[in-house]
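These notes are about the structure you will find just below.
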Amino acid sequence: MLNPSEAKRIIEAALLASPEPVSLPELKRLFEDQIGPDTLRRLLGELREEWSGRAIELVNLAGGWRFQTKPELQPFLERLNPEKPPRYSRAVMETLAIIAYRQPVSRGDIEDIRGVAVSAQIIQTLESRGWIDVVGHRDTPGRPALYATTQSFLNDLGLISLQELPPLEEVARTLELEPSPSPAQAEPGQPAAE
Amino acid sequence: MIEAAGAAAHPVFVAANVVRIYGEPLAEMPTDLYIPPDALEVMLEAFQGPLDLLLYLIRKQNLNILDIPMASLTRQYLEYVDLMRAKNLELAAEYLVMAAMLIEIKSRMLLPRPATVEEAENDPRAELVRRLLEYERMKLAAQKLDQMPQLGRDLLAVVAYVERTTAERLPDVHPRDLAEAWRSLLQRARLHAHHKVSREELSVREHMSRILRQLKEHRVLEFREMFDPARGVAVLVVTLLALLELARETLIEITQSGSFAPIYARIAHAQSV
């Protein structure tokens, strides 16, 4: 039987060899299911401890465990590759935030919140990044697609689950007005038409 | 600028000449009501839509979002929209829809509320406020998301180099394969060498003919003259074999006058004549 340090070396090699996070079931397969999830988690914890203080850290994500460089070193690494990855526009980030916090949402829902049309390009940017996908269709006329964030989104932002998203800021909770949208929503179309 | 008109919802606005804000008399005009026009031009394009613009106006002036002064907000909003049109900025239709909505809300607030209707308690601004708050929440959330370390932008996944099964699978080569290849190469060379020798053996007859032709021309040749060391050991051997065979078949005579004296070869005349 393997001793713990041997098992740790094997886990370490498997994680370093994979560009994607490695899940617990996959790690179990390394040992032909001879090591239980609790032991694996303990070994992973020890491994993370052993790597602390190095330029590379072991992190736990939605898709499993991954070795990654520390963000504070990125400015140096970027000097090797001066072509910086572009930042997403505000429109893209706001759309992403709405999908992340209000999922599943249709394009119409996003437009309601942002108050402007959501271009196909914005959706496509997020889809091709693999951060959102269509999880279903709302049963209304036109059957609009419903978008949700993916596991890739969580992995790429260093999250285990959506619960870890930063909490929404309550801008002004003490709303004296009854949030009953029906009367205000029913009529605005008429004066606007004139 | 300031909502001085008495709306039904604000019975405090009764005095004709005193400007009041939320019941407080206002002594002088606030100075921070407008954005400098130059700065405005730059930022007009940066607005994400009418809600973003409205939020900007509200937050910039520290207006109470729960008690929006509709008249002044609407007027400022329309000024911005006019400015955008004047600057020939591509004005999204949403801006005009919002303008209509603001005017509609404003006018409804001016109308006396029918006391008997149950829904009279509803503030016409409620839906607008709800939307503004929700948009602001998402806007702030987007900023926070953008600040989170992002794979590819702020950090990189670490991958040690390993041969990928997904990539084109190339054959593995071990040192022992090399040794094996070398051995078979040697073996073939040996076979080849053997083959060459056998060819030389077969060509003993060929050398016999050559020697006979030489002797026909020169009559007598010294033993040494019939060998060409430059052509290699194999040829030397074959040449010797050819000489011996010629001698055995008594086609030539090999003579030597004494020990260590030169050996001569000549055509065996006696028999042929």
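In the structure tokens, the first chain shown is A, the next is B, and so on; residue numbers restart at 1 for each chain, and ligands run from 1 in the order shown.
With only C-alpha atoms taken into account, the protein and nucleic acid residues at most 6 Å from range 129-146 of chain B (excluding it and anything under 6 positions from it in its own chain) are A:Met93, A:Glu94, A:Ala97, A:Ile113, A:Arg114.
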Using C-alpha atoms, can you write the selected residues to a file as a PDB file, in the first residue's frame?
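Printed below is again.pdb as written:
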ATOM      1  CA  MET A  93     -19.414  42.731 -17.326  1.00  0.00           C
ATOM      2  CA  GLU A  94     -22.865  44.025 -16.454  1.00  0.00           C
ATOM      3  CA  ALA A  97     -23.222  40.058 -13.460  1.00  0.00           C
ATOM      4  CA  ILE A 113     -32.378  45.464 -15.905  1.00  0.00           C
ATOM      5  CA  ARG A 114     -29.802  47.283 -18.003  1.00  0.00           C
TER       6      ARG A 114
END
Expected answer as a ChimeraX atom specification: helix (DSSP H, G or I) residues in range 44-131 of chain B: /B:44,50-60,65-67,70-86,93-110,118-121,126-131
Å distance separating CA of Arg205 in chain B from CA of Ile252 in chain B, one decimal place: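 Those two atoms sit 14.2 Å apart.
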Every residue of range 57-150 of chain A that DSSP places in strand (DSSP E), as a PyMOL selection string: chain A and resi 57-61+64-69+132-137+145-149
How about saving the chosen residues, N, CA and C atoms kept, as a PDB file, in the first residue's frame?
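part.pdb, freshly written:
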ATOM      1  N   GLU A  57       0.304  28.384  -6.400  1.00  0.00           N
ATOM      2  CA  GLU A  57      -0.547  27.945  -5.302  1.00  0.00           C
ATOM      3  C   GLU A  57      -1.526  26.888  -5.787  1.00  0.00           C
ATOM      4  N   LEU A  58      -1.935  26.072  -4.853  1.00  0.00           N
ATOM      5  CA  LEU A  58      -2.933  25.048  -5.162  1.00  0.00           C
ATOM      6  C   LEU A  58      -4.275  25.553  -4.656  1.00  0.00           C
ATOM      7  N   VAL A  59      -5.264  25.624  -5.565  1.00  0.00           N
ATOM      8  CA  VAL A  59      -6.568  26.156  -5.166  1.00  0.00           C
ATOM      9  C   VAL A  59      -7.677  25.149  -5.451  1.00  0.00           C
ATOM     10  N   ASN A  60      -8.717  25.258  -4.655  1.00  0.00           N
ATOM     11  CA  ASN A  60      -9.888  24.410  -4.805  1.00  0.00           C
ATOM     12  C   ASN A  60     -10.968  25.193  -5.531  1.00  0.00           C
ATOM     13  N   LEU A  61     -11.462  24.648  -6.640  1.00  0.00           N
ATOM     14  CA  LEU A  61     -12.440  25.350  -7.468  1.00  0.00           C
ATOM     15  C   LEU A  61     -13.652  24.470  -7.695  1.00  0.00           C
ATOM     16  N   GLY A  64     -12.689  21.254  -9.320  1.00  0.00           N
ATOM     17  CA  GLY A  64     -11.662  20.436  -8.694  1.00  0.00           C
ATOM     18  C   GLY A  64     -10.493  21.292  -8.223  1.00  0.00           C
ATOM     19  N   TRP A  65      -9.302  20.676  -8.268  1.00  0.00           N
ATOM     20  CA  TRP A  65      -8.119  21.373  -7.741  1.00  0.00           C
ATOM     21  C   TRP A  65      -7.190  21.745  -8.882  1.00  0.00           C
ATOM     22  N   ARG A  66      -6.535  22.911  -8.739  1.00  0.00           N
ATOM     23  CA  ARG A  66      -5.685  23.391  -9.818  1.00  0.00           C
ATOM     24  C   ARG A  66      -4.473  24.134  -9.244  1.00  0.00           C
ATOM     25  N   PHE A  67      -3.332  23.908  -9.849  1.00  0.00           N
ATOM     26  CA  PHE A  67      -2.164  24.730  -9.559  1.00  0.00           C
ATOM     27  C   PHE A  67      -2.223  25.972 -10.426  1.00  0.00           C
ATOM     28  N   GLN A  68      -1.977  27.139  -9.847  1.00  0.00           N
ATOM     29  CA  GLN A  68      -1.999  28.369 -10.637  1.00  0.00           C
ATOM     30  C   GLN A  68      -0.988  29.368 -10.093  1.00  0.00           C
ATOM     31  N   THR A  69      -0.594  30.302 -10.956  1.00  0.00           N
ATOM     32  CA  THR A  69       0.346  31.331 -10.519  1.00  0.00           C
ATOM     33  C   THR A  69      -0.390  32.331  -9.639  1.00  0.00           C
ATOM     34  N   ILE A 132     -20.945  31.322 -20.012  1.00  0.00           N
ATOM     35  CA  ILE A 132     -22.409  31.186 -19.928  1.00  0.00           C
ATOM     36  C   ILE A 132     -22.861  30.176 -20.979  1.00  0.00           C
ATOM     37  N   ASP A 133     -24.014  29.577 -20.732  1.00  0.00           N
ATOM     38  CA  ASP A 133     -24.623  28.769 -21.777  1.00  0.00           C
ATOM     39  C   ASP A 133     -26.140  28.758 -21.606  1.00  0.00           C
ATOM     40  N   VAL A 134     -26.799  28.221 -22.618  1.00  0.00           N
ATOM     41  CA  VAL A 134     -28.263  28.172 -22.585  1.00  0.00           C
ATOM     42  C   VAL A 134     -28.664  26.939 -21.788  1.00  0.00           C
ATOM     43  N   VAL A 135     -29.452  27.143 -20.740  1.00  0.00           N
ATOM     44  CA  VAL A 135     -29.846  26.007 -19.910  1.00  0.00           C
ATOM     45  C   VAL A 135     -31.300  25.607 -20.135  1.00  0.00           C
ATOM     46  N   GLY A 136     -32.011  26.391 -20.969  1.00  0.00           N
ATOM     47  CA  GLY A 136     -33.393  26.045 -21.224  1.00  0.00           C
ATOM     48  C   GLY A 136     -34.086  27.189 -21.950  1.00  0.00           C
ATOM     49  N   HIS A 137     -35.389  27.055 -22.098  1.00  0.00           N
ATOM     50  CA  HIS A 137     -36.154  28.098 -22.776  1.00  0.00           C
ATOM     51  C   HIS A 137     -37.379  28.408 -21.942  1.00  0.00           C
ATOM     52  N   ALA A 145     -34.348  31.925 -24.952  1.00  0.00           N
ATOM     53  CA  ALA A 145     -33.331  31.101 -24.297  1.00  0.00           C
ATOM     54  C   ALA A 145     -33.032  31.652 -22.904  1.00  0.00           C
ATOM     55  N   LEU A 146     -32.780  30.733 -21.989  1.00  0.00           N
ATOM     56  CA  LEU A 146     -32.427  31.127 -20.620  1.00  0.00           C
ATOM     57  C   LEU A 146     -30.948  30.867 -20.401  1.00  0.00           C
ATOM     58  N   TYR A 147     -30.241  31.880 -19.962  1.00  0.00           N
ATOM     59  CA  TYR A 147     -28.795  31.768 -19.787  1.00  0.00           C
ATOM     60  C   TYR A 147     -28.424  31.566 -18.320  1.00  0.00           C
ATOM     61  N   ALA A 148     -27.342  30.819 -18.118  1.00  0.00           N
ATOM     62  CA  ALA A 148     -26.805  30.617 -16.777  1.00  0.00           C
ATOM     63  C   ALA A 148     -25.290  30.594 -16.893  1.00  0.00           C
ATOM     64  N   THR A 149     -24.617  30.768 -15.766  1.00  0.00           N
ATOM     65  CA  THR A 149     -23.152  30.689 -15.791  1.00  0.00           C
ATOM     66  C   THR A 149     -22.731  29.229 -15.704  1.00  0.00           C
TER      67      THR A 149
END
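Excluding Ile58 in chain B itself and any same-chain residue fewer than 3 positions from it, the protein and nucleic acid residues within 12 Å of it, counting only C-alpha atoms, are Asp32, Leu33, Tyr34, Leu51, Asp52, Leu53, Leu54, Leu55, Gln61, Asn62, Leu63, Asn64, Ile65, Leu66, Asp67, Ile68, Pro69, Met70, Ser72, Leu73, Thr74, Gln76, Tyr77, Val129, Leu132, Leu133 and Glu136 of chain B.
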Store the residues picked out above, limited to C-alpha atoms, as a PDB file, in the first residue's frame.
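Final output, saved to out.pdb:
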ATOM      1  CA  ASP B  32     -23.408  71.115  -8.188  1.00  0.00           C
ATOM      2  CA  LEU B  33     -26.453  70.614 -10.298  1.00  0.00           C
ATOM      3  CA  TYR B  34     -24.760  70.385 -13.647  1.00  0.00           C
ATOM      4  CA  LEU B  51     -30.762  54.001 -16.443  1.00  0.00           C
ATOM      5  CA  ASP B  52     -27.025  54.558 -16.212  1.00  0.00           C
ATOM      6  CA  LEU B  53     -27.468  58.208 -17.135  1.00  0.00           C
ATOM      7  CA  LEU B  54     -30.296  58.679 -14.636  1.00  0.00           C
ATOM      8  CA  LEU B  55     -28.274  57.020 -11.897  1.00  0.00           C
ATOM      9  CA  GLN B  61     -26.341  65.437  -7.022  1.00  0.00           C
ATOM     10  CA  ASN B  62     -26.845  63.254  -3.997  1.00  0.00           C
ATOM     11  CA  LEU B  63     -30.534  63.091  -4.671  1.00  0.00           C
ATOM     12  CA  ASN B  64     -32.582  60.757  -2.555  1.00  0.00           C
ATOM     13  CA  ILE B  65     -33.285  57.916  -4.907  1.00  0.00           C
ATOM     14  CA  LEU B  66     -36.402  57.072  -2.917  1.00  0.00           C
ATOM     15  CA  ASP B  67     -37.779  60.549  -3.337  1.00  0.00           C
ATOM     16  CA  ILE B  68     -36.699  61.645  -6.760  1.00  0.00           C
ATOM     17  CA  PRO B  69     -37.595  65.215  -7.712  1.00  0.00           C
ATOM     18  CA  MET B  70     -39.145  64.277 -11.016  1.00  0.00           C
ATOM     19  CA  SER B  72     -35.723  68.626 -12.234  1.00  0.00           C
ATOM     20  CA  LEU B  73     -34.486  65.139 -13.035  1.00  0.00           C
ATOM     21  CA  THR B  74     -36.647  64.986 -16.143  1.00  0.00           C
ATOM     22  CA  GLN B  76     -31.790  67.493 -16.820  1.00  0.00           C
ATOM     23  CA  TYR B  77     -32.263  64.179 -18.495  1.00  0.00           C
ATOM     24  CA  VAL B 129     -37.000  53.458  -8.544  1.00  0.00           C
ATOM     25  CA  LEU B 132     -32.821  52.074 -10.888  1.00  0.00           C
ATOM     26  CA  LEU B 133     -31.953  50.208  -7.722  1.00  0.00           C
ATOM     27  CA  GLU B 136     -27.303  49.939  -9.678  1.00  0.00           C
TER      28      GLU B 136
END
Close residues, Ile122 in chain A itself excluded, 8 Å, only C-alpha atoms, min 2 positions apart in chain, as a VMD selection string: chain A and resid 91 to 92 95 118 to 120 124 to 126
Nearest to chain A by atom-to-atom distance, counting only C-alpha atoms, from B:Leu83, B:Ala160, B:Leu212, B:Ile254: B:Ala160
Spatial neighbours of Leu27 in chain A, 12 Å, only C-alpha atoms, chain gap at least 3 places, as a ChimeraX atom specification: /A:7-8,10-15,18,21-24,30-41,43-44,64-66
Distance in Å - CA of Val97 in chain B versus CA of Tyr101 in chain A: 26.5 Å
